[in-house]
$ cat my_file11.tsv   # TSV, N, CA and C atoms
chain	number	residue	atom	x	y	z
A	247	MET	N	-58.38	-98.20	-36.00
A	247	MET	CA	-57.38	-99.18	-36.39
A	247	MET	C	-56.95	-99.97	-35.15
A	248	ASN	N	-56.92	-101.28	-35.28
A	248	ASN	CA	-56.58	-102.15	-34.17
A	248	ASN	C	-55.14	-102.64	-34.31
A	249	LYS	N	-54.30	-102.28	-33.37
A	249	LYS	CA	-52.90	-102.69	-33.42
A	249	LYS	C	-52.76	-104.15	-33.05
A	250	SER	N	-51.77	-104.79	-33.62
A	250	SER	CA	-51.49	-106.17	-33.24
A	250	SER	C	-50.94	-106.16	-31.80
A	251	LEU	N	-51.05	-107.29	-31.17
A	251	LEU	CA	-50.60	-107.40	-29.78
A	251	LEU	C	-49.09	-107.15	-29.67
A	252	ALA	N	-48.33	-107.67	-30.62
A	252	ALA	CA	-46.87	-107.46	-30.62
A	252	ALA	C	-46.54	-105.97	-30.78
A	253	ALA	N	-47.27	-105.28	-31.62
A	253	ALA	CA	-47.04	-103.85	-31.81
A	253	ALA	C	-47.40	-103.07	-30.56
A	254	LYS	N	-48.45	-103.48	-29.90
A	254	LYS	CA	-48.85	-102.82	-28.65
A	254	LYS	C	-47.78	-103.03	-27.57
A	255	PHE	N	-47.25	-104.25	-27.48
A	255	PHE	CA	-46.18	-104.53	-26.52
A	255	PHE	C	-44.94	-103.70	-26.85
A	256	HIS	N	-44.60	-103.62	-28.13
A	256	HIS	CA	-43.45	-102.82	-28.57
A	256	HIS	C	-43.61	-101.36	-28.12
A	257	ASP	N	-44.78	-100.81	-28.35
A	257	ASP	CA	-45.04	-99.42	-27.94
A	257	ASP	C	-44.92	-99.26	-26.42
A	258	GLU	N	-45.38	-100.26	-25.68
A	258	GLU	CA	-45.27	-100.19	-24.22
A	258	GLU	C	-43.81	-100.24	-23.79
A	259	MET	N	-42.99	-101.03	-24.47
A	259	MET	CA	-41.56	-101.10	-24.14
A	259	MET	C	-40.90	-99.74	-24.40
A	260	LEU	N	-41.24	-99.09	-25.49
A	260	LEU	CA	-40.69	-97.76	-25.77
A	260	LEU	C	-41.17	-96.75	-24.74
A	261	ALA	N	-42.42	-96.86	-24.31
A	261	ALA	CA	-42.96	-95.95	-23.30
A	261	ALA	C	-42.26	-96.14	-21.95
A	262	LEU	N	-41.80	-97.36	-21.67
A	262	LEU	CA	-41.09	-97.60	-20.41
A	262	LEU	C	-39.84	-96.72	-20.32
A	263	TYR	N	-39.17	-96.52	-21.44
A	263	TYR	CA	-37.99	-95.65	-21.45
A	263	TYR	C	-38.38	-94.24	-20.99
A	264	ASP	N	-39.47	-93.72	-21.53
A	264	ASP	CA	-39.91	-92.37	-21.17
A	264	ASP	C	-40.30	-92.28	-19.69
A	265	HIS	N	-40.98	-93.31	-19.19
A	265	HIS	CA	-41.37	-93.33	-17.77
A	265	HIS	C	-40.12	-93.40	-16.87
A	266	CYS	N	-39.15	-94.20	-17.29
A	266	CYS	CA	-37.91	-94.29	-16.51
A	266	CYS	C	-37.15	-92.96	-16.54
A	267	ALA	N	-37.12	-92.32	-17.70
A	267	ALA	CA	-36.44	-91.03	-17.82
A	267	ALA	C	-37.06	-90.01	-16.89
A	268	ALA	N	-38.36	-90.10	-16.68
A	268	ALA	CA	-39.05	-89.16	-15.79
A	268	ALA	C	-38.61	-89.31	-14.34
A	269	ILE	N	-38.07	-90.48	-13.97
A	269	ILE	CA	-37.58	-90.68	-12.59
A	269	ILE	C	-36.05	-90.61	-12.52
A	270	GLY	N	-35.43	-90.13	-13.61
A	270	GLY	CA	-33.98	-89.91	-13.60
A	270	GLY	C	-33.14	-91.08	-14.05
A	271	PHE	N	-33.73	-92.05	-14.72
A	271	PHE	CA	-33.00	-93.23	-15.19
A	271	PHE	C	-33.28	-93.38	-16.67
A	272	ARG	N	-32.23	-93.42	-17.47
A	272	ARG	CA	-32.40	-93.54	-18.92
A	272	ARG	C	-31.77	-94.84	-19.42
A	273	PRO	N	-32.57	-95.88	-19.57
A	273	PRO	CA	-32.03	-97.17	-20.04
A	273	PRO	C	-31.82	-97.16	-21.56
A	274	VAL	N	-30.76	-96.50	-21.98
A	274	VAL	CA	-30.48	-96.28	-23.40
A	274	VAL	C	-30.26	-97.60	-24.14
A	275	LEU	N	-29.51	-98.52	-23.56
A	275	LEU	CA	-29.25	-99.79	-24.24
A	275	LEU	C	-30.52	-100.61	-24.39
A	276	PHE	N	-31.40	-100.55	-23.40
A	276	PHE	CA	-32.70	-101.22	-23.49
A	276	PHE	C	-33.49	-100.64	-24.66
A	277	ARG	N	-33.55	-99.34	-24.73
A	277	ARG	CA	-34.31	-98.66	-25.80
A	277	ARG	C	-33.75	-99.03	-27.17
A	278	ARG	N	-32.44	-99.04	-27.29
A	278	ARG	CA	-31.80	-99.40	-28.56
A	278	ARG	C	-32.17	-100.81	-28.98
A	279	GLN	N	-32.12	-101.74	-28.01
A	279	GLN	CA	-32.47	-103.13	-28.28
A	279	GLN	C	-33.91	-103.24	-28.76
A	280	VAL	N	-34.81	-102.52	-28.12
A	280	VAL	CA	-36.23	-102.53	-28.51
A	280	VAL	C	-36.40	-101.97	-29.93
A	281	ILE	N	-35.73	-100.90	-30.24
A	281	ILE	CA	-35.84	-100.29	-31.57
A	281	ILE	C	-35.29	-101.23	-32.64
A	282	LEU	N	-34.14	-101.84	-32.37
A	282	LEU	CA	-33.50	-102.69	-33.37
A	282	LEU	C	-34.18	-104.04	-33.57
A	283	LYS	N	-34.65	-104.64	-32.49
A	283	LYS	CA	-35.18	-106.00	-32.57
A	283	LYS	C	-36.68	-106.10	-32.41
A	284	GLY	N	-37.29	-105.02	-31.95
A	284	GLY	CA	-38.71	-105.07	-31.63
A	284	GLY	C	-38.89	-105.42	-30.16
A	285	GLY	N	-39.99	-104.97	-29.59
A	285	GLY	CA	-40.22	-105.15	-28.16
A	285	GLY	C	-40.25	-106.59	-27.70
A	286	VAL	N	-40.93	-107.45	-28.45
A	286	VAL	CA	-41.07	-108.85	-28.04
A	286	VAL	C	-39.73	-109.56	-28.09
A	287	GLU	N	-39.02	-109.43	-29.21
A	287	GLU	CA	-37.73	-110.12	-29.34
A	287	GLU	C	-36.71	-109.58	-28.33
A	288	ALA	N	-36.71	-108.30	-28.10
A	288	ALA	CA	-35.80	-107.73	-27.11
A	288	ALA	C	-36.10	-108.29	-25.72
A	289	ALA	N	-37.36	-108.36	-25.35
A	289	ALA	CA	-37.74	-108.90	-24.05
A	289	ALA	C	-37.34	-110.36	-23.93
A	290	ARG	N	-37.54	-111.14	-25.00
A	290	ARG	CA	-37.16	-112.56	-24.98
A	290	ARG	C	-35.68	-112.74	-24.70
A	291	GLU	N	-34.86	-111.88	-25.27
A	291	GLU	CA	-33.42	-111.97	-25.05
A	291	GLU	C	-33.01	-111.43	-23.70
A	292	LEU	N	-33.52	-110.27	-23.35
A	292	LEU	CA	-33.08	-109.60	-22.13
A	292	LEU	C	-33.52	-110.30	-20.85
A	293	VAL	N	-34.63	-111.01	-20.89
A	293	VAL	CA	-35.12	-111.64	-19.66
A	293	VAL	C	-34.15	-112.70	-19.15
A	294	PHE	N	-33.30	-113.24	-20.02
A	294	PHE	CA	-32.34	-114.26	-19.59
A	294	PHE	C	-30.94	-113.71	-19.37
A	295	LYS	N	-30.76	-112.41	-19.57
A	295	LYS	CA	-29.43	-111.82	-19.35
A	295	LYS	C	-29.23	-111.54	-17.87
A	296	PRO	N	-28.15	-112.02	-17.30
A	296	PRO	CA	-27.89	-111.77	-15.88
A	296	PRO	C	-27.37	-110.36	-15.65
A	297	GLY	N	-27.54	-109.91	-14.42
A	297	GLY	CA	-26.92	-108.66	-13.99
A	297	GLY	C	-27.50	-107.40	-14.59
A	298	THR	N	-28.80	-107.36	-14.83
A	298	THR	CA	-29.37	-106.16	-15.42
A	298	THR	C	-29.52	-105.07	-14.37
A	299	THR	N	-28.80	-103.99	-14.55
A	299	THR	CA	-28.86	-102.89	-13.59
A	299	THR	C	-30.17	-102.12	-13.71
A	300	GLY	N	-30.84	-102.23	-14.84
A	300	GLY	CA	-32.11	-101.54	-15.01
A	300	GLY	C	-33.15	-101.98	-14.00
A	301	LEU	N	-33.30	-103.28	-13.83
A	301	LEU	CA	-34.25	-103.79	-12.85
A	301	LEU	C	-33.85	-103.36	-11.44
A	302	GLU	N	-32.56	-103.40	-11.17
A	302	GLU	CA	-32.06	-102.97	-9.86
A	302	GLU	C	-32.38	-101.50	-9.61
A	303	ARG	N	-32.20	-100.66	-10.60
A	303	ARG	CA	-32.49	-99.23	-10.43
A	303	ARG	C	-33.98	-98.99	-10.19
A	304	LEU	N	-34.82	-99.76	-10.87
A	304	LEU	CA	-36.27	-99.63	-10.67
A	304	LEU	C	-36.69	-100.11	-9.29
A	305	VAL	N	-36.04	-101.15	-8.79
A	305	VAL	CA	-36.31	-101.63	-7.43
A	305	VAL	C	-35.94	-100.53	-6.44
A	306	ASP	N	-34.78	-99.94	-6.61
A	306	ASP	CA	-34.33	-98.87	-5.72
A	306	ASP	C	-35.28	-97.68	-5.73
A	307	ALA	N	-35.86	-97.40	-6.90
A	307	ALA	CA	-36.79	-96.27	-7.04
A	307	ALA	C	-38.22	-96.65	-6.67
A	308	ARG	N	-38.42	-97.90	-6.28
A	308	ARG	CA	-39.75	-98.43	-5.96
A	308	ARG	C	-40.72	-98.26	-7.14
A	309	LYS	N	-40.19	-98.55	-8.33
A	309	LYS	CA	-40.97	-98.44	-9.56
A	309	LYS	C	-40.87	-99.73	-10.37
A	310	ILE	N	-40.97	-100.85	-9.70
A	310	ILE	CA	-40.85	-102.15	-10.35
A	310	ILE	C	-41.91	-102.33	-11.44
A	311	ASP	N	-43.02	-101.62	-11.31
A	311	ASP	CA	-44.09	-101.70	-12.32
A	311	ASP	C	-43.65	-101.14	-13.67
A	312	LEU	N	-42.53	-100.41	-13.70
A	312	LEU	CA	-42.01	-99.87	-14.94
A	312	LEU	C	-41.02	-100.82	-15.61
A	313	SER	N	-40.88	-102.02	-15.09
A	313	SER	CA	-39.90	-102.96	-15.64
A	313	SER	C	-40.45	-103.74	-16.82
A	314	MET	N	-39.54	-104.18	-17.66
A	314	MET	CA	-39.88	-105.03	-18.78
A	314	MET	C	-40.54	-106.32	-18.28
A	315	GLU	N	-40.01	-106.86	-17.17
A	315	GLU	CA	-40.54	-108.09	-16.61
A	315	GLU	C	-42.00	-107.95	-16.19
A	316	ALA	N	-42.33	-106.80	-15.61
A	316	ALA	CA	-43.71	-106.56	-15.19
A	316	ALA	C	-44.64	-106.52	-16.40
A	317	ALA	N	-44.17	-105.95	-17.49
A	317	ALA	CA	-44.98	-105.92	-18.71
A	317	ALA	C	-45.15	-107.32	-19.29
A	318	MET	N	-44.08	-108.10	-19.26
A	318	MET	CA	-44.13	-109.45	-19.83
A	318	MET	C	-45.16	-110.35	-19.14
A	319	ILE	N	-45.34	-110.18	-17.85
A	319	ILE	CA	-46.25	-111.10	-17.14
A	319	ILE	C	-47.69	-110.61	-17.11
A	320	LYS	N	-47.97	-109.46	-17.73
A	320	LYS	CA	-49.35	-108.99	-17.81
A	320	LYS	C	-50.17	-110.02	-18.60
A	321	ALA	N	-51.38	-110.27	-18.16
A	321	ALA	CA	-52.25	-111.26	-18.80
A	321	ALA	C	-52.41	-111.01	-20.30
A	322	GLU	N	-52.52	-109.75	-20.69
A	322	GLU	CA	-52.76	-109.45	-22.09
A	322	GLU	C	-51.59	-109.80	-23.00
A	323	TYR	N	-50.36	-109.89	-22.45
A	323	TYR	CA	-49.17	-110.17	-23.26
A	323	TYR	C	-48.64	-111.58	-23.13
A	324	ARG	N	-49.20	-112.38	-22.27
A	324	ARG	CA	-48.67	-113.73	-22.02
A	324	ARG	C	-48.58	-114.60	-23.27
A	325	THR	N	-49.48	-114.40	-24.22
A	325	THR	CA	-49.44	-115.23	-25.44
A	325	THR	C	-48.24	-114.91	-26.33
A	326	LEU	N	-47.55	-113.82	-26.07
A	326	LEU	CA	-46.38	-113.44	-26.86
A	326	LEU	C	-45.12	-114.19	-26.43
A	327	PHE	N	-45.16	-114.81	-25.25
A	327	PHE	CA	-43.97	-115.41	-24.68
A	327	PHE	C	-44.18	-116.88	-24.34
A	328	THR	N	-43.07	-117.60	-24.26
A	328	THR	CA	-43.14	-119.01	-23.87
A	328	THR	C	-43.36	-119.10	-22.37
A	329	PRO	N	-43.84	-120.24	-21.88
A	329	PRO	CA	-43.97	-120.40	-20.43
A	329	PRO	C	-42.65	-120.19	-19.69
A	330	LEU	N	-41.54	-120.60	-20.29
A	330	LEU	CA	-40.23	-120.41	-19.65
A	330	LEU	C	-39.88	-118.93	-19.54
A	331	GLU	N	-40.17	-118.16	-20.57
A	331	GLU	CA	-39.88	-116.72	-20.55
A	331	GLU	C	-40.74	-116.02	-19.50
A	332	ILE	N	-42.00	-116.39	-19.41
A	332	ILE	CA	-42.90	-115.80	-18.40
A	332	ILE	C	-42.44	-116.18	-17.00
A	333	LYS	N	-42.05	-117.44	-16.84
A	333	LYS	CA	-41.58	-117.92	-15.53
A	333	LYS	C	-40.33	-117.15	-15.10
A	334	GLU	N	-39.41	-116.93	-16.03
A	334	GLU	CA	-38.18	-116.19	-15.70
A	334	GLU	C	-38.48	-114.74	-15.34
A	335	ALA	N	-39.39	-114.10	-16.08
A	335	ALA	CA	-39.77	-112.72	-15.76
A	335	ALA	C	-40.38	-112.64	-14.36
A	336	ALA	N	-41.27	-113.57	-14.05
A	336	ALA	CA	-41.91	-113.59	-12.72
A	336	ALA	C	-40.88	-113.86	-11.64
A	337	LYS	N	-39.98	-114.77	-11.90
A	337	LYS	CA	-38.93	-115.10	-10.92
A	337	LYS	C	-38.04	-113.89	-10.64
A	338	ARG	N	-37.68	-113.18	-11.68
A	338	ARG	CA	-36.83	-111.99	-11.51
A	338	ARG	C	-37.55	-110.91	-10.70
A	339	LEU	N	-38.83	-110.75	-10.95
A	339	LEU	CA	-39.60	-109.76	-10.18
A	339	LEU	C	-39.70	-110.15	-8.72
A	340	GLU	N	-40.00	-111.42	-8.47
A	340	GLU	CA	-40.14	-111.89	-7.09
A	340	GLU	C	-38.85	-111.77	-6.30
A	341	ALA	N	-37.75	-112.07	-6.97
A	341	ALA	CA	-36.46	-112.08	-6.28
A	341	ALA	C	-35.75	-110.73	-6.28
A	342	SER	N	-36.22	-109.79	-7.07
A	342	SER	CA	-35.48	-108.54	-7.26
A	342	SER	C	-35.24	-107.75	-5.98
A	343	ALA	N	-36.17	-107.74	-5.08
A	343	ALA	CA	-36.01	-106.95	-3.86
A	343	ALA	C	-35.07	-107.60	-2.85
A	344	THR	N	-34.86	-108.90	-2.96
A	344	THR	CA	-34.06	-109.59	-1.95
A	344	THR	C	-32.74	-110.12	-2.48
A	345	ARG	N	-32.47	-109.98	-3.75
A	345	ARG	CA	-31.23	-110.52	-4.31
A	345	ARG	C	-30.02	-109.79	-3.75
A	346	GLU	N	-28.96	-110.55	-3.59
A	346	GLU	CA	-27.70	-109.93	-3.21
A	346	GLU	C	-27.11	-109.27	-4.44
A	347	ARG	N	-26.33	-108.27	-4.20
A	347	ARG	CA	-25.74	-107.55	-5.32
A	347	ARG	C	-24.27	-107.88	-5.45
A	348	SER	N	-23.81	-107.88	-6.67
A	348	SER	CA	-22.41	-108.15	-6.96
A	348	SER	C	-21.90	-107.04	-7.86
A	349	ARG	N	-21.02	-106.20	-7.33
A	349	ARG	CA	-20.47	-105.07	-8.08
A	349	ARG	C	-21.57	-104.17	-8.63
A	350	GLY	N	-22.60	-103.94	-7.82
A	350	GLY	CA	-23.65	-103.03	-8.23
A	350	GLY	C	-24.67	-103.63	-9.15
A	351	ARG	N	-24.59	-104.93	-9.41
A	351	ARG	CA	-25.54	-105.58	-10.32
A	351	ARG	C	-26.21	-106.74	-9.60
A	352	LEU	N	-27.37	-107.10	-10.08
A	352	LEU	CA	-28.06	-108.25	-9.53
A	352	LEU	C	-27.25	-109.50	-9.87
A	353	THR	N	-27.21	-110.44	-8.96
A	353	THR	CA	-26.47	-111.67	-9.23
A	353	THR	C	-27.27	-112.56	-10.16
A	354	GLN	N	-26.56	-113.41	-10.88
A	354	GLN	CA	-27.20	-114.29	-11.84
A	354	GLN	C	-27.86	-115.46	-11.13
A	355	THR	N	-29.15	-115.63	-11.39
A	355	THR	CA	-29.86	-116.81	-10.88
A	355	THR	C	-30.86	-117.28	-11.92
A	356	ALA	N	-30.57	-117.01	-13.18
A	356	ALA	CA	-31.50	-117.34	-14.25
A	356	ALA	C	-31.70	-118.84	-14.36
A	357	THR	N	-32.90	-119.24	-14.74
A	357	THR	CA	-33.19	-120.66	-14.93
A	357	THR	C	-32.71	-121.13	-16.30
A	358	HIS	N	-32.44	-120.18	-17.19
A	358	HIS	CA	-31.98	-120.48	-18.55
A	358	HIS	C	-30.46	-120.40	-18.54
A	359	THR	N	-29.77	-121.52	-18.51
A	359	THR	CA	-28.31	-121.50	-18.49
A	359	THR	C	-27.78	-122.35	-19.61
A	360	ARG	N	-26.56	-122.09	-19.99
A	360	ARG	CA	-25.90	-122.86	-21.04
A	360	ARG	C	-24.94	-123.85	-20.42
A	361	GLN	N	-24.86	-124.99	-21.02
A	361	GLN	CA	-23.89	-126.01	-20.61
A	361	GLN	C	-22.68	-125.93	-21.54
A	362	ALA	N	-21.50	-126.11	-20.99
A	362	ALA	CA	-20.27	-126.03	-21.79
A	362	ALA	C	-20.06	-127.29	-22.58
$ encode --input "my_file11.tsv" --output "structure tokens"
Amino acid sequence: MNKSLAAKFHDEMLALYDHCAAIGFRPVLFRRQVILKGGVEAARELVFKPGTTGLERLVDARKIDLSMEAAMIKAEYRTLFTPLEIKEAAKRLEASATRERSRGRLTQTATHTRQA
């Protein structure tokens, strides 16, 4: 049986929780979002949310490969996301190690912003 690409991505997002738990970090809210909305939709929403401590924790653990952003930019999953979503995921990965922190969270530098 051949799984759809979206289903495969969803399964990978759920597996990220287990991999993170193995290094002592349990991103419960991330897992809940993936279960409720599906892996692709959760990633589309979360990639534009500022201040994600999950990415920061993975940077500290030197396990950036376990991030949602790293999965999003994989060649096999690029067709699931818009160019803007892929660009934001790549930008977050590139900047994650050098970003300044604000109250223990990464500072907001997302390219997707709302105008009042």
$ closest_residue --input "my_file11.tsv" --among "A:Arg290, A:Arg278, A:Lys337, A:His265" --to "Leu312 (chain A)" --atoms "all atoms listed in the file"
A:His265
$ residues_around --input "my_file11.tsv" --residues "Val293 (chain A)" --least-positions-apart "3" --cutoff "6.5 Å" --atoms "all atoms listed in the file" --output "list of chain:residue names"
A:Ala288, A:Ala289, A:Arg290, A:Pro296, A:Glu334, A:Ala335
$ closest_residue --input "my_file11.tsv" --among "A:Glu291, A:Gly285, A:Leu301, A:Ser342" --to "Glu258 (chain A)" --atoms "only N, CA and C atoms"
A:Gly285
$ atom_distance --input "my_file11.tsv" --atom1 "atom N of Thr328 (chain A)" --atom2 "atom C of Met259 (chain A)"
18.0 Å
$ closest_residue --input "my_file11.tsv" --among "A:Tyr263, A:Glu322, A:Pro273, A:Ser250" --to "Gly300 (chain A)" --atoms "all atoms listed in the file"
A:Pro273
$ atom_distance --input "my_file11.tsv" --atom1 "CA of Val274 (chain A)" --atom2 "CA of Leu262 (chain A)"
11.1 Å
$ atom_distance --input "my_file11.tsv" --atom1 "atom N of Val286 (chain A)" --atom2 "atom C of Asp306 (chain A)"
25.4 Å
$ closest_residue --input "my_file11.tsv" --among "A:Leu339, A:Tyr323, A:Lys333, A:Leu304" --to "Ala252 (chain A)" --atoms "only N, CA and C atoms"
A:Tyr323
$ select_by_dssp --input "my_file11.tsv" --residues "chain A" --states "strand (DSSP E)" --output "ChimeraX atom specification"
/A:347-348,351-352
$ select_by_dssp --input "my_file11.tsv" --residues "chain A" --states "helix (DSSP H, G or I)" --output "PyMOL selection string"
chain A and resi 251-268+274-283+285-292+299-306+310-312+314-318+321-326+329-342
$ closest_residue --input "my_file11.tsv" --among "A:Gly284, A:Ala341, A:Gln279, A:Glu331" --to "Asp257 (chain A)" --atoms "all atoms listed in the file"
A:Gly284
